[in-house]
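Below: one structure, written as structure tokens.
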Amino acid sequence: MLEDISTEQVERLLERTLGALERYDREHQAQLIDTIRCYFACGHNAPAAARELGVHVNTVYQRLERIDHVLDSSAWRSPTGGLEVQMALQFHRLLRR
């Protein structure tokens, strides 16, 4: 499925989907990327993500709202948007950590 994808295409995907979150995390010492990654890994279950992150569930809800605000959209919560963000998170994990 991804054999013909170039490094430039991956970088564009990362910038389009996670770039604003990366900048926000860096500028505000936030953990939005970690939060969205954990939220997906926990099956969109905020209480489970809170337990995994070691924070109160309200903190997770606030971070999810902040993600909506930073991305200027809640499209990442839809099936199609969520798939794109989850793919970007996997590339991010492989390339940037």
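Here, A, B, ... name the chains of the structure tokens in the order displayed, residue numbers run from 1 inside each chain, and ligands are numbered from 1 in the same displayed order.
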Excluding A:Asp34 and residues on its chain fewer than 6 positions from it, collect all residues at most 12 Å away from it, counting only C-alpha atoms, and give them as a PDB file with C-alpha atoms, in the first residue's frame.
ATOM      1  CA  LEU A  18       0.468  16.963  12.916  1.00  0.00           C
ATOM      2  CA  LEU A  21       0.263  20.034  17.107  1.00  0.00           C
ATOM      3  CA  GLU A  22       4.053  19.641  17.039  1.00  0.00           C
ATOM      4  CA  ASP A  25       3.590  21.088  21.977  1.00  0.00           C
ATOM      5  CA  PHE A  40      -6.476   6.337  19.594  1.00  0.00           C
ATOM      6  CA  ALA A  41      -4.564   3.467  21.216  1.00  0.00           C
ATOM      7  CA  ALA A  49      -6.345   7.300  28.012  1.00  0.00           C
ATOM      8  CA  ALA A  50      -6.306   9.303  31.251  1.00  0.00           C
ATOM      9  CA  GLU A  52      -2.550   5.433  30.656  1.00  0.00           C
ATOM     10  CA  LEU A  53      -1.260   9.026  30.669  1.00  0.00           C
ATOM     11  CA  GLY A  54      -1.497   9.315  34.446  1.00  0.00           C
ATOM     12  CA  VAL A  60      -7.741  14.431  28.544  1.00  0.00           C
ATOM     13  CA  ARG A  63      -6.508  18.323  25.618  1.00  0.00           C
ATOM     14  CA  LEU A  64      -8.882  16.833  23.032  1.00  0.00           C
ATOM     15  CA  ILE A  67      -6.453  19.535  19.640  1.00  0.00           C
ATOM     16  CA  GLN A  86      -3.318   7.578  12.872  1.00  0.00           C
ATOM     17  CA  LEU A  89       1.179   9.266  14.062  1.00  0.00           C
ATOM     18  CA  GLN A  90       2.807   6.003  12.992  1.00  0.00           C
ATOM     19  CA  HIS A  92       5.836  10.373  13.273  1.00  0.00           C
ATOM     20  CA  ARG A  93       6.754   7.625  15.731  1.00  0.00           C
TER      21      ARG A  93
END
Please list as a PyMOL selection string every residue within 7 Å of A:Trp76, counting only C-alpha atoms and excluding residues in the same chain fewer than 3 positions away. chain A and resi 81-82+85
Per-residue DSSP, chain A, filtered to alpha helix (DSSP H), as number ranges by chain: A: 7-28, 32-41, 46-53, 57-71, 79-96
So that I can see what lies close to A:Ala46, please list as an NGL selection string the residues with an atom at most 9 Å from it, counting only C-alpha atoms and leaving out residues fewer than 4 positions away in the same chain. :A and (39 or 42 or 50-51 or 57-58 or 60-61)
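Distance annotation: of A:Ile33, A:Ala48, A:Leu94, A:Val55, the residue with the minimal separation from A:Val10 is A:Leu94; atom set is only C-alpha atoms.
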For A:Leu13, list every protein, DNA or RNA residue within 9 Å, evaluated using only C-alpha atoms, and leave out those in the same chain fewer than 3 positions away; present the list as a PyMOL selection string. chain A and resi 8-10+16-19+84-85+87-88
Store the residues picked out above, limited to C-alpha atoms, as a PDB file, in the first residue's frame.
ATOM      1  CA  GLU A   8       8.567  14.200   0.689  1.00  0.00           C
ATOM      2  CA  GLN A   9       5.000  12.848   0.664  1.00  0.00           C
ATOM      3  CA  VAL A  10       5.403  11.556   4.213  1.00  0.00           C
ATOM      4  CA  ARG A  16      -0.585  18.764   7.206  1.00  0.00           C
ATOM      5  CA  THR A  17      -1.884  16.514   9.963  1.00  0.00           C
ATOM      6  CA  LEU A  18       0.468  16.963  12.916  1.00  0.00           C
ATOM      7  CA  GLY A  19       2.529  20.072  12.175  1.00  0.00           C
ATOM      8  CA  GLU A  84      -5.156   9.879   8.240  1.00  0.00           C
ATOM      9  CA  VAL A  85      -4.046  11.111  11.668  1.00  0.00           C
ATOM     10  CA  MET A  87      -1.174   6.935   9.801  1.00  0.00           C
ATOM     11  CA  ALA A  88       0.643  10.208  10.409  1.00  0.00           C
TER      12      ALA A  88
END
A straight line from atom CA of A:Leu32 to atom CA of A:Arg66 spans 7.9 Å
With a distance cut-off of 9 Å and only C-alpha atoms, select the neighbouring residues of A:Val70, excluding the residue or stretch itself and same-chain residues fewer than 5 positions from it, and output the selection as a VMD selection string. chain A and resid 20 to 21 24 65
So how far away is atom CA of A:His28 from atom CA of A:Ser78, in Å? 26.4 Å
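Here atom CA of A:His44 and atom CA of A:Leu14 stand 21.0 Å from one another.
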